[in-house]
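Report on one structure; see the data block that follows.
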2 protein chains.
Amino acid sequence: MKSDLDALMQDKNLDAILVLGDAEYNPPMTYLVGGGHVAHAVLIKKLNEEPLLFCNAMERDEAAKSGLKTMPLRRAPITEFIANTAELFESYGVSSGRVGVYGKTDLSEALVLLESLRKAFPNVKYFGESPEDSIFMRAMETKDNAEVERIRRMGKVTTEVVSMVADYLTTRNVNSDEVLLNDDGTPLTIKEVKGKIALWLAERGAVDVEGCVFAIGRDAGIPHSMGNPTDLLRLGQTIVFDIFPGEAGGGYFYDFTRTWSLGYATPEAQKLYDEVKSVYDKVIENIDLNVKFKDYQQLVCEEFNKNGHKTPMHTEGVLTDGYVHSLGHGLGLNVHERPSSRHTDGDDNILKAGVVVTIEPGLYYPEKGMGVRVEDSYWVRPDGQLEKLAEYPYDFVLPMKKWKKK
Amino acid sequence: MKSDLDALMQDKNLDAILVLGDAEYNPPMTYLVGGGHVAHAVLIKKLNEEPLLFCNAMERDEAAKSGLKTMPLRRAPITEFIANTAELFESYGVSSGRVGVYGKTDLSEALVLLESLRKAFPNVKYFGESPEDSIFMRAMETKDNAEVERIRRMGKVTTEVVSMVADYLTTRNVNSDEVLLNDDGTPLTIKEVKGKIALWLAERGAVDVEGCVFAIGRDAGIPHSMGNPTDLLRLGQTIVFDIFPGEAGGGYFYDFTRTWSLGYATPEAQKLYDEVKSVYDKVIENIDLNVKFKDYQQLVCEEFNKNGHKTPMHTEGVLTDGYVHSLGHGLGLNVHERPSSRHTDGDDNILKAGVVVTIEPGLYYPEKGMGVRVEDSYWVRPDGQLEKLAEYPYDFVLPMKKWKKK
């Protein structure tokens, strides 16, 4: 939680932190500023002191919403920006010590700024941190109630939109090739479905900035393929629908996946789905407070391996079929946060009270034209109970309202 | 244009460039990869050679759409990522020389990576570049026809949505306090208008990732205030509507502003509008090929100064009323690009053939509760003609369909 930042700074022996970039779509800055249209800002926080936010005078009203102490910054030209930042460093007393540097921002410009600051204050040392272990990722790892409430709201939005997509697909007419049709009789494409998803999210104050996965057939068998826009929707093929929208303007995410087969399922796809769902259920039944997340990845790998699937724990090199990823990840201002569940991850990735994680086992066979993933996001509550942050049914076959199998 | 990159690298004495981060919402990477869901990638390009794209094996199909040569990269944990990147550097022959570093990405992680690469290849020197002058900003400064076509399409989307907003506002009922009403009789808020804007953009494959300015009254007088969500829409107040949406998934932007007064205008606001529009017209009439952009900023400052307004050329320090910004900026994969028009900018910010620029004079009086800005985006065509990339009327007073001034 945010209140852990000073202790984390102390652990890393940091005298101050420097965060660069916009307040939106920049998790460390959003975390401290709370969002808002504050562009190209500079935030400095010394150990055990409140942060100071330097930003363009034109954005003073947006910046004031942060509740932080703000000061005007001449942002352009860059020579002015650098000179002004150096003055602020000086006046704020950051002229020696160890400074951690953060922000999703223009790397090239940041390197120019840091180079100039190094010349101006030779006694300051600047450090990057690995995202797996940075003070921000560690602070963000556990969520307070207000944060969970925002994630829960995104969960509600997400499942509402998923439900609308299911209704839309199952009420389509179908042609003799088992292809779903638009109202005007043209074949329905992935691109058209994604257009509706974006629209229905926007209506609810959410945005899938990174897009969503809506992939059918072979593409459903490639976990990170977003789906081919011109592919048609067909009955009896696996559709992987992985949707991870965030609050519009940058903020908290939800992460959710269902796999569907419209009208009917092939026996092979049904078997694959049942395997994944049974492993998913086994994980949920067995999850316990303060256990290493990767213990459940191991459980999943062993189950899948028993059934003859490749897994990252049982196969060398890059996997392209079988269980090719890991069980889940933390979720918050980033789609991927601590704790992580790879079998190679550190033992400190723990399902402790306050974490929000996805559970998302899957099996992929691109050459067979199929893939399955099932995913929900869970909060490990302060009382140690696991709470699913949005309910949604697990039906694999979605019956078509106007079509019957002959 | 992209074909200028090698010459620009040579000018800066760069042996190679390194671009880090996602392919989406990361202009240098998007420029070279063309977008797509390729996350946390590493791109290396040596002088006069084609780029090489290293990315997660799971995203191979998305990456292949780039048309670039791709190679698998082990992204996690970070120790693997660093070791793997170092191997790729070695095999690709980047073990000495000057390397420019780019990308909108996680700064903290990038610093860790660069530190490791510095240790592995002590003969390589890494450089950041100021955005005002980087090889990417210089290459991106002139657009080819395909790029202009994408900006033009965003212009069409933008003006369609602006027109829908105007129709929506002018067909509202109005209560006795001159406040616009929703269909259910509740007062219409800025937040509700912004919801519609997001929705109508999403329907058209666009997204205002950074939000838009829709500000009334005092907020309209603060150029970078996005508008207070709970403010009500009232007749006879200036509304500044500055909308700069981009292609969904990250891509080209459009930038557009109109100022409206619903129902009627106060004489003071009308005068302010007329001044801004007259200066806007004067700029457009006088624009010539290959002239310094700041020459027109000077023209605008002189006109406004003559009428008693403060301007950045005639006033010291931070301005909070009058003409507080500059005339315009380049537009493309970034909302703000070269050329720039501040009077302090370099003489090489030229309106040369191929640039796409905004023209956006404005006047702001927050304490009087009013502000005016008028903006369109223009392409300087290869034949030297200035082409407005989307047409839209300049009416200041929008008559209300169901309301008449008593």
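Chain labels follow the order of the structure tokens: the first chain is A, the next B, and so on; residue numbering restarts at 1 in every chain, and ligands are counted from 1 in their shown order.
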
Mobile chain A placed on reference chain B by ordered C-alpha fit, as a compact mmCIF listing (two decimals) with C-alpha atoms, in the first residue's frame:
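The resulting file, result_18.txt, is reproduced below:
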```
# COMPACT_ATOMS: atom_id res chain seq x y z
CA MET A 1 9.79 10.75 -43.42
CA LYS A 2 10.87 7.28 -42.38
CA SER A 3 13.29 7.16 -45.30
CA ASP A 4 15.19 10.06 -43.68
CA LEU A 5 16.18 8.02 -40.60
CA ASP A 6 19.54 6.80 -41.86
CA ALA A 7 20.64 10.27 -42.95
CA LEU A 8 19.54 11.63 -39.57
CA MET A 9 21.47 8.87 -37.75
CA GLN A 10 24.52 9.77 -39.78
CA ASP A 11 24.12 13.48 -38.92
CA LYS A 12 24.06 12.58 -35.24
CA ASN A 13 26.95 10.18 -35.65
CA LEU A 14 24.88 7.23 -34.40
CA ASP A 15 26.00 3.70 -35.29
CA ALA A 16 22.74 2.16 -34.14
CA ILE A 17 19.43 2.93 -32.46
CA LEU A 18 17.73 0.98 -29.70
CA VAL A 19 13.96 1.33 -29.24
CA LEU A 20 12.30 -0.17 -26.16
CA GLY A 21 8.72 -0.84 -25.14
CA ASP A 22 5.33 -1.75 -26.61
CA ALA A 23 4.39 -1.31 -30.26
CA GLU A 24 1.27 0.59 -29.21
CA TYR A 25 1.12 4.07 -27.67
CA ASN A 26 4.88 4.33 -28.07
CA PRO A 27 5.51 6.60 -31.05
CA PRO A 28 9.08 5.59 -32.04
CA MET A 29 8.18 1.88 -31.84
CA THR A 30 4.81 2.38 -33.56
CA TYR A 31 6.60 4.33 -36.31
CA LEU A 32 8.92 1.40 -37.10
CA VAL A 33 6.65 -1.56 -36.25
CA GLY A 34 3.34 -0.09 -37.39
CA GLY A 35 1.43 -0.89 -34.17
CA GLY A 36 -0.08 -4.21 -33.08
CA HIS A 37 -0.13 -5.92 -29.74
CA VAL A 38 3.59 -6.48 -29.32
CA ALA A 39 4.50 -5.75 -25.71
CA HIS A 40 7.88 -5.02 -24.14
CA ALA A 41 9.81 -5.43 -27.35
CA VAL A 42 13.39 -4.51 -28.18
CA LEU A 43 14.16 -3.09 -31.60
CA ILE A 44 17.69 -2.61 -32.89
CA LYS A 45 18.57 -0.87 -36.12
CA LYS A 46 22.09 -0.34 -37.32
CA LEU A 47 22.97 2.49 -39.68
CA ASN A 48 21.81 1.71 -43.21
CA GLU A 49 20.37 -1.66 -42.15
CA GLU A 50 16.80 -2.87 -41.67
CA PRO A 51 15.48 -2.95 -38.08
CA LEU A 52 15.39 -6.22 -36.13
CA LEU A 53 12.50 -6.77 -33.71
CA PHE A 54 12.96 -8.95 -30.63
CA CYS A 55 9.79 -9.92 -28.83
CA ASN A 56 8.02 -12.54 -26.77
CA ALA A 57 7.51 -15.78 -28.73
CA MET A 58 3.82 -15.72 -27.75
CA GLU A 59 3.42 -12.51 -29.76
CA ARG A 60 5.16 -13.78 -32.87
CA ASP A 61 2.05 -13.55 -35.04
CA GLU A 62 1.32 -9.96 -34.03
CA ALA A 63 4.98 -9.07 -34.54
CA ALA A 64 5.09 -10.69 -37.99
CA LYS A 65 2.49 -8.19 -39.20
CA SER A 66 5.19 -5.51 -38.95
CA GLY A 67 6.97 -7.01 -41.94
CA LEU A 68 10.21 -6.70 -39.96
CA LYS A 69 12.60 -9.51 -39.25
CA THR A 70 11.67 -10.75 -35.78
CA MET A 71 13.44 -12.88 -33.21
CA PRO A 72 12.15 -14.40 -29.97
CA LEU A 73 13.07 -12.70 -26.70
CA ARG A 74 12.73 -14.12 -23.21
CA ARG A 75 11.10 -11.21 -21.48
CA ALA A 76 10.99 -12.44 -17.88
CA PRO A 77 12.42 -12.56 -15.32
CA ILE A 78 14.39 -9.35 -15.90
CA THR A 79 17.72 -11.13 -15.41
CA GLU A 80 16.80 -13.35 -18.39
CA PHE A 81 15.63 -10.33 -20.37
CA ILE A 82 18.91 -8.53 -19.80
CA ALA A 83 21.01 -11.60 -20.57
CA ASN A 84 18.99 -12.30 -23.70
CA THR A 85 19.18 -8.69 -24.89
CA ALA A 86 22.94 -8.74 -24.39
CA GLU A 87 23.20 -11.94 -26.49
CA LEU A 88 21.16 -10.31 -29.24
CA PHE A 89 23.40 -7.23 -29.12
CA GLU A 90 26.41 -9.48 -29.46
CA SER A 91 25.06 -11.59 -32.31
CA TYR A 92 23.82 -8.52 -34.15
CA GLY A 93 27.25 -6.94 -33.78
CA VAL A 94 26.40 -3.94 -31.59
CA SER A 95 29.41 -4.28 -29.33
CA SER A 96 30.92 -0.85 -29.87
CA GLY A 97 29.90 2.58 -31.08
CA ARG A 98 27.28 5.20 -30.39
CA VAL A 99 23.69 4.04 -29.81
CA GLY A 100 20.68 6.37 -29.58
CA VAL A 101 17.99 5.17 -27.16
CA TYR A 102 14.25 5.77 -27.63
CA GLY A 103 10.77 4.69 -26.56
CA LYS A 104 7.92 5.66 -24.29
CA THR A 105 8.43 2.92 -21.76
CA ASP A 106 9.22 2.05 -18.16
CA LEU A 107 12.12 4.36 -17.37
CA SER A 108 13.21 2.53 -14.25
CA GLU A 109 13.51 -0.81 -16.01
CA ALA A 110 15.27 0.78 -18.99
CA LEU A 111 17.90 2.27 -16.67
CA VAL A 112 18.55 -1.20 -15.23
CA LEU A 113 18.89 -2.66 -18.73
CA LEU A 114 21.22 0.12 -19.95
CA GLU A 115 23.39 -0.23 -16.84
CA SER A 116 23.80 -3.96 -17.55
CA LEU A 117 24.51 -3.38 -21.23
CA ARG A 118 27.13 -0.77 -20.29
CA LYS A 119 28.88 -3.42 -18.19
CA ALA A 120 28.61 -6.07 -20.90
CA PHE A 121 29.77 -3.81 -23.74
CA PRO A 122 31.96 -1.06 -22.31
CA ASN A 123 32.71 0.21 -25.81
CA VAL A 124 29.09 1.10 -26.53
CA LYS A 125 27.92 4.59 -25.55
CA TYR A 126 24.18 5.22 -25.10
CA PHE A 127 22.57 8.58 -25.81
CA GLY A 128 19.22 10.14 -25.16
CA GLU A 129 17.98 12.91 -27.39
CA SER A 130 15.85 15.93 -26.69
CA PRO A 131 12.39 15.40 -28.22
CA GLU A 132 12.62 18.80 -29.88
CA ASP A 133 15.44 17.55 -31.98
CA SER A 134 15.62 13.75 -31.91
CA ILE A 135 16.08 11.75 -35.10
CA PHE A 136 12.54 10.38 -34.66
CA MET A 137 10.96 13.79 -34.22
CA ARG A 138 12.90 15.01 -37.25
CA ALA A 139 11.95 12.03 -39.40
CA MET A 140 8.30 12.23 -38.27
CA GLU A 141 8.19 15.95 -39.03
CA THR A 142 7.24 15.39 -42.68
CA LYS A 143 4.49 12.94 -43.53
CA ASP A 144 4.01 10.73 -46.55
CA ASN A 145 0.62 10.35 -48.25
CA ALA A 146 -0.31 7.23 -46.30
CA GLU A 147 0.28 9.03 -43.01
CA VAL A 148 -1.70 12.10 -44.08
CA GLU A 149 -4.55 9.84 -45.15
CA ARG A 150 -4.71 8.36 -41.63
CA ILE A 151 -4.69 11.85 -40.06
CA ARG A 152 -7.38 12.96 -42.50
CA ARG A 153 -9.52 9.99 -41.51
CA MET A 154 -9.17 10.97 -37.84
CA GLY A 155 -10.16 14.51 -38.88
CA LYS A 156 -13.34 13.16 -40.41
CA VAL A 157 -14.11 11.15 -37.26
CA THR A 158 -13.37 14.19 -35.09
CA THR A 159 -15.61 16.60 -36.95
CA GLU A 160 -18.42 14.03 -37.15
CA VAL A 161 -18.32 13.68 -33.38
CA VAL A 162 -18.12 17.47 -32.85
CA SER A 163 -21.17 17.86 -35.06
CA MET A 164 -23.04 15.21 -33.03
CA VAL A 165 -22.17 17.07 -29.82
CA ALA A 166 -23.44 20.36 -31.29
CA ASP A 167 -26.70 18.69 -32.36
CA TYR A 168 -27.10 17.08 -28.96
CA LEU A 169 -26.56 20.33 -27.04
CA THR A 170 -28.78 22.50 -29.22
CA THR A 171 -31.74 20.11 -29.04
CA ARG A 172 -31.82 20.12 -25.21
CA ASN A 173 -34.58 21.66 -23.14
CA VAL A 174 -33.44 24.50 -20.91
CA ASN A 175 -34.70 25.39 -17.43
CA SER A 176 -35.44 28.86 -16.03
CA ASP A 177 -31.81 29.19 -14.86
CA GLU A 178 -30.72 28.69 -18.50
CA VAL A 179 -29.27 25.28 -17.62
CA LEU A 180 -29.45 22.52 -20.27
CA LEU A 181 -31.45 19.45 -19.30
CA ASN A 182 -31.24 15.73 -19.96
CA ASP A 183 -34.29 13.91 -21.34
CA ASP A 184 -35.26 13.01 -17.77
CA GLY A 185 -35.21 16.65 -16.70
CA THR A 186 -31.98 16.49 -14.67
CA PRO A 187 -29.30 19.10 -15.46
CA LEU A 188 -26.77 18.05 -18.12
CA THR A 189 -23.19 17.87 -16.81
CA ILE A 190 -19.80 18.08 -18.53
CA LYS A 191 -19.20 14.50 -17.43
CA GLU A 192 -22.28 13.33 -19.33
CA VAL A 193 -21.23 15.19 -22.48
CA LYS A 194 -17.75 13.64 -22.24
CA GLY A 195 -19.32 10.18 -21.91
CA LYS A 196 -21.12 10.75 -25.23
CA ILE A 197 -17.92 11.99 -26.87
CA ALA A 198 -16.02 8.84 -25.80
CA LEU A 199 -18.87 6.67 -27.05
CA TRP A 200 -19.19 8.37 -30.43
CA LEU A 201 -15.42 8.19 -30.91
CA ALA A 202 -15.32 4.49 -30.00
CA GLU A 203 -18.04 3.78 -32.58
CA ARG A 204 -15.65 5.23 -35.18
CA GLY A 205 -12.49 3.37 -34.14
CA ALA A 206 -11.01 6.36 -32.34
CA VAL A 207 -10.14 7.00 -28.72
CA ASP A 208 -9.30 10.17 -26.80
CA VAL A 209 -6.68 8.45 -24.69
CA GLU A 210 -5.70 11.73 -23.08
CA GLY A 211 -9.31 12.86 -22.76
CA CYS A 212 -10.57 16.06 -24.34
CA VAL A 213 -11.11 19.60 -23.18
CA PHE A 214 -14.77 20.42 -22.76
CA ALA A 215 -14.73 23.37 -20.41
CA ILE A 216 -17.24 26.10 -19.62
CA GLY A 217 -16.99 29.48 -17.86
CA ARG A 218 -13.89 29.97 -15.72
CA ASP A 219 -12.47 26.59 -16.78
CA ALA A 220 -12.75 27.64 -20.43
CA GLY A 221 -10.36 30.44 -19.45
CA ILE A 222 -7.67 27.98 -18.34
CA PRO A 223 -6.32 26.47 -21.56
CA HIS A 224 -5.27 23.12 -20.11
CA SER A 225 -8.18 22.59 -17.75
CA MET A 226 -10.09 19.60 -19.11
CA GLY A 227 -13.38 20.93 -17.69
CA ASN A 228 -14.93 20.19 -14.32
CA PRO A 229 -17.03 16.99 -14.62
CA THR A 230 -19.85 18.29 -12.40
CA ASP A 231 -20.17 21.68 -14.13
CA LEU A 232 -23.52 22.28 -15.78
CA LEU A 233 -24.06 23.41 -19.36
CA ARG A 234 -25.49 26.93 -19.40
CA LEU A 235 -26.53 29.33 -22.11
CA GLY A 236 -24.45 32.40 -22.89
CA GLN A 237 -21.13 31.08 -21.53
CA THR A 238 -18.04 30.26 -23.57
CA ILE A 239 -17.46 26.54 -24.05
CA VAL A 240 -13.99 25.54 -25.28
CA PHE A 241 -14.14 22.13 -26.97
CA ASP A 242 -10.63 20.93 -27.82
CA ILE A 243 -10.66 17.33 -29.03
CA PHE A 244 -7.54 15.39 -30.06
CA PRO A 245 -8.45 11.74 -30.59
CA GLY A 246 -6.17 9.09 -32.01
CA GLU A 247 -6.62 5.81 -33.81
CA ALA A 248 -7.68 3.07 -31.38
CA GLY A 249 -4.72 0.86 -30.54
CA GLY A 250 -2.30 3.81 -30.81
CA GLY A 251 -1.60 5.64 -34.01
CA TYR A 252 -2.21 8.98 -35.69
CA PHE A 253 -3.99 11.87 -33.98
CA TYR A 254 -6.15 14.75 -35.09
CA ASP A 255 -6.39 18.03 -33.17
CA PHE A 256 -9.35 20.41 -33.36
CA THR A 257 -10.99 23.16 -31.29
CA ARG A 258 -14.16 25.18 -31.51
CA THR A 259 -15.52 27.66 -28.98
CA TRP A 260 -19.27 27.91 -28.61
CA SER A 261 -21.76 30.01 -26.72
CA LEU A 262 -25.17 28.33 -26.53
CA GLY A 263 -28.31 30.34 -27.32
CA TYR A 264 -26.68 33.75 -27.20
CA ALA A 265 -23.34 35.37 -26.42
CA THR A 266 -22.50 38.23 -24.10
CA PRO A 267 -21.08 41.20 -26.05
CA GLU A 268 -17.75 40.75 -24.24
CA ALA A 269 -17.48 37.08 -25.25
CA GLN A 270 -18.51 37.87 -28.82
CA LYS A 271 -15.80 40.54 -29.01
CA LEU A 272 -13.22 38.05 -27.69
CA TYR A 273 -14.33 35.44 -30.21
CA ASP A 274 -14.18 37.93 -33.10
CA GLU A 275 -10.65 38.93 -32.14
CA VAL A 276 -9.44 35.33 -32.08
CA LYS A 277 -11.19 34.42 -35.32
CA SER A 278 -9.85 37.48 -37.10
CA VAL A 279 -6.30 36.63 -36.04
CA TYR A 280 -6.86 33.00 -37.09
CA ASP A 281 -7.99 34.19 -40.55
CA LYS A 282 -5.03 36.52 -40.84
CA VAL A 283 -2.61 33.65 -40.15
CA ILE A 284 -4.24 31.37 -42.70
CA GLU A 285 -4.29 34.08 -45.37
CA ASN A 286 -0.61 34.81 -44.83
CA ILE A 287 0.83 31.33 -44.49
CA ASP A 288 3.60 30.61 -46.96
CA LEU A 289 5.78 27.63 -47.79
CA ASN A 290 9.16 27.35 -46.08
CA VAL A 291 8.59 30.22 -43.63
CA LYS A 292 9.55 29.86 -39.96
CA PHE A 293 6.49 28.76 -37.95
CA LYS A 294 7.36 31.26 -35.20
CA ASP A 295 7.01 34.17 -37.66
CA TYR A 296 3.25 33.54 -37.44
CA GLN A 297 3.43 33.29 -33.66
CA GLN A 298 5.02 36.74 -33.77
CA LEU A 299 2.24 38.02 -36.04
CA VAL A 300 -0.39 36.70 -33.58
CA CYS A 301 1.41 38.17 -30.57
CA GLU A 302 1.62 41.56 -32.23
CA GLU A 303 -2.05 41.56 -33.20
CA PHE A 304 -3.16 40.56 -29.72
CA ASN A 305 -0.74 42.96 -28.03
CA LYS A 306 -2.12 45.83 -30.14
CA ASN A 307 -5.53 45.03 -28.67
CA GLY A 308 -4.19 45.13 -25.12
CA HIS A 309 -3.77 41.39 -24.42
CA LYS A 310 -0.72 39.93 -22.72
CA THR A 311 1.38 37.63 -24.91
CA PRO A 312 4.46 35.44 -24.32
CA MET A 313 6.50 37.86 -26.47
CA HIS A 314 5.41 40.98 -24.61
CA THR A 315 5.25 39.77 -21.00
CA GLU A 316 7.82 38.31 -18.63
CA GLY A 317 7.12 35.22 -16.54
CA VAL A 318 4.21 32.79 -16.44
CA LEU A 319 1.04 34.06 -18.12
CA THR A 320 -2.39 33.17 -16.75
CA ASP A 321 -4.50 35.45 -18.94
CA GLY A 322 -4.42 36.85 -22.46
CA TYR A 323 -2.69 34.81 -25.18
CA VAL A 324 -0.88 32.34 -22.96
CA HIS A 325 0.32 29.69 -25.39
CA SER A 326 1.81 29.43 -28.84
CA LEU A 327 0.16 29.30 -32.25
CA GLY A 328 0.41 25.62 -33.04
CA HIS A 329 2.48 22.47 -33.35
CA GLY A 330 3.17 19.53 -35.58
CA LEU A 331 0.78 16.58 -35.34
CA GLY A 332 1.16 12.88 -36.13
CA LEU A 333 1.83 9.85 -33.93
CA ASN A 334 2.24 12.44 -31.17
CA VAL A 335 -0.28 15.17 -30.41
CA HIS A 336 2.70 17.52 -30.23
CA GLU A 337 5.52 17.17 -32.75
CA ARG A 338 7.85 19.30 -34.81
CA PRO A 339 7.58 21.94 -36.11
CA SER A 340 6.93 24.10 -33.07
CA SER A 341 5.90 27.77 -33.08
CA ARG A 342 7.15 29.32 -29.82
CA HIS A 343 9.10 32.52 -30.35
CA THR A 344 11.97 30.86 -28.45
CA ASP A 345 12.07 27.85 -30.80
CA GLY A 346 14.91 27.19 -33.24
CA ASP A 347 14.85 28.68 -36.74
CA ASP A 348 14.62 25.19 -38.22
CA ASN A 349 10.93 24.87 -37.27
CA ILE A 350 9.79 25.55 -40.80
CA LEU A 351 6.47 25.16 -42.59
CA LYS A 352 8.06 22.96 -45.22
CA ALA A 353 6.26 20.65 -47.61
CA GLY A 354 5.01 17.52 -45.81
CA VAL A 355 4.44 18.96 -42.33
CA VAL A 356 1.04 18.65 -40.62
CA VAL A 357 0.42 21.47 -38.13
CA THR A 358 -2.31 22.89 -35.95
CA ILE A 359 -3.21 26.58 -36.11
CA GLU A 360 -4.85 27.48 -32.80
CA PRO A 361 -4.80 31.05 -31.51
CA GLY A 362 -6.75 31.73 -28.29
CA LEU A 363 -7.49 34.30 -25.59
CA TYR A 364 -8.20 33.43 -21.96
CA TYR A 365 -9.70 35.39 -19.09
CA PRO A 366 -10.43 32.92 -16.26
CA GLU A 367 -11.37 35.67 -13.81
CA LYS A 368 -13.99 36.93 -16.27
CA GLY A 369 -15.18 33.33 -16.69
CA MET A 370 -14.36 33.07 -20.38
CA GLY A 371 -11.90 31.73 -22.91
CA VAL A 372 -11.80 31.32 -26.70
CA ARG A 373 -9.71 29.06 -28.93
CA VAL A 374 -10.19 28.14 -32.59
CA GLU A 375 -8.12 25.34 -34.09
CA ASP A 376 -7.80 23.28 -37.25
CA SER A 377 -5.09 20.93 -38.49
CA TYR A 378 -3.43 21.63 -41.83
CA TRP A 379 -1.14 19.78 -44.20
CA VAL A 380 1.49 21.66 -46.17
CA ARG A 381 1.19 19.70 -49.39
CA PRO A 382 4.12 18.79 -51.61
CA ASP A 383 2.83 21.43 -54.08
CA GLY A 384 3.18 24.05 -51.32
CA GLN A 385 -0.57 24.54 -50.83
CA LEU A 386 -2.04 24.55 -47.32
CA GLU A 387 -4.84 21.98 -47.01
CA LYS A 388 -7.26 21.96 -44.08
CA LEU A 389 -7.60 18.27 -43.20
CA ALA A 390 -11.23 18.49 -42.03
CA GLU A 391 -13.91 21.12 -42.68
CA TYR A 392 -16.17 22.42 -39.91
CA PRO A 393 -18.16 25.67 -39.55
CA TYR A 394 -16.93 28.50 -37.30
CA ASP A 395 -20.23 29.55 -35.69
CA PHE A 396 -19.67 30.92 -32.21
CA VAL A 397 -23.30 31.24 -31.09
CA LEU A 398 -25.17 27.94 -31.51
CA PRO A 399 -28.92 28.69 -31.61
CA MET A 400 -30.97 26.45 -29.32
CA LYS A 401 -33.73 24.63 -31.20
CA LYS A 402 -36.30 24.71 -28.35
CA TRP A 403 -35.37 27.98 -26.66
CA LYS A 404 -35.69 31.64 -27.60
CA LYS A 405 -34.14 34.68 -25.98
CA LYS A 406 -36.87 36.78 -24.35
```

Next item on the list: Could you tell me, as a PyMOL selection string, which residues of stretch 99-346 of chain A DSSP assigns to strand (DSSP E or B) when given the backbone?
Entry: chain A and resi 99-102+104-106+124-127+173-174+179-181+187+189+206-207+213-216+232+234+238-243+246-247+253+256-262+292+322+329-330+337-340
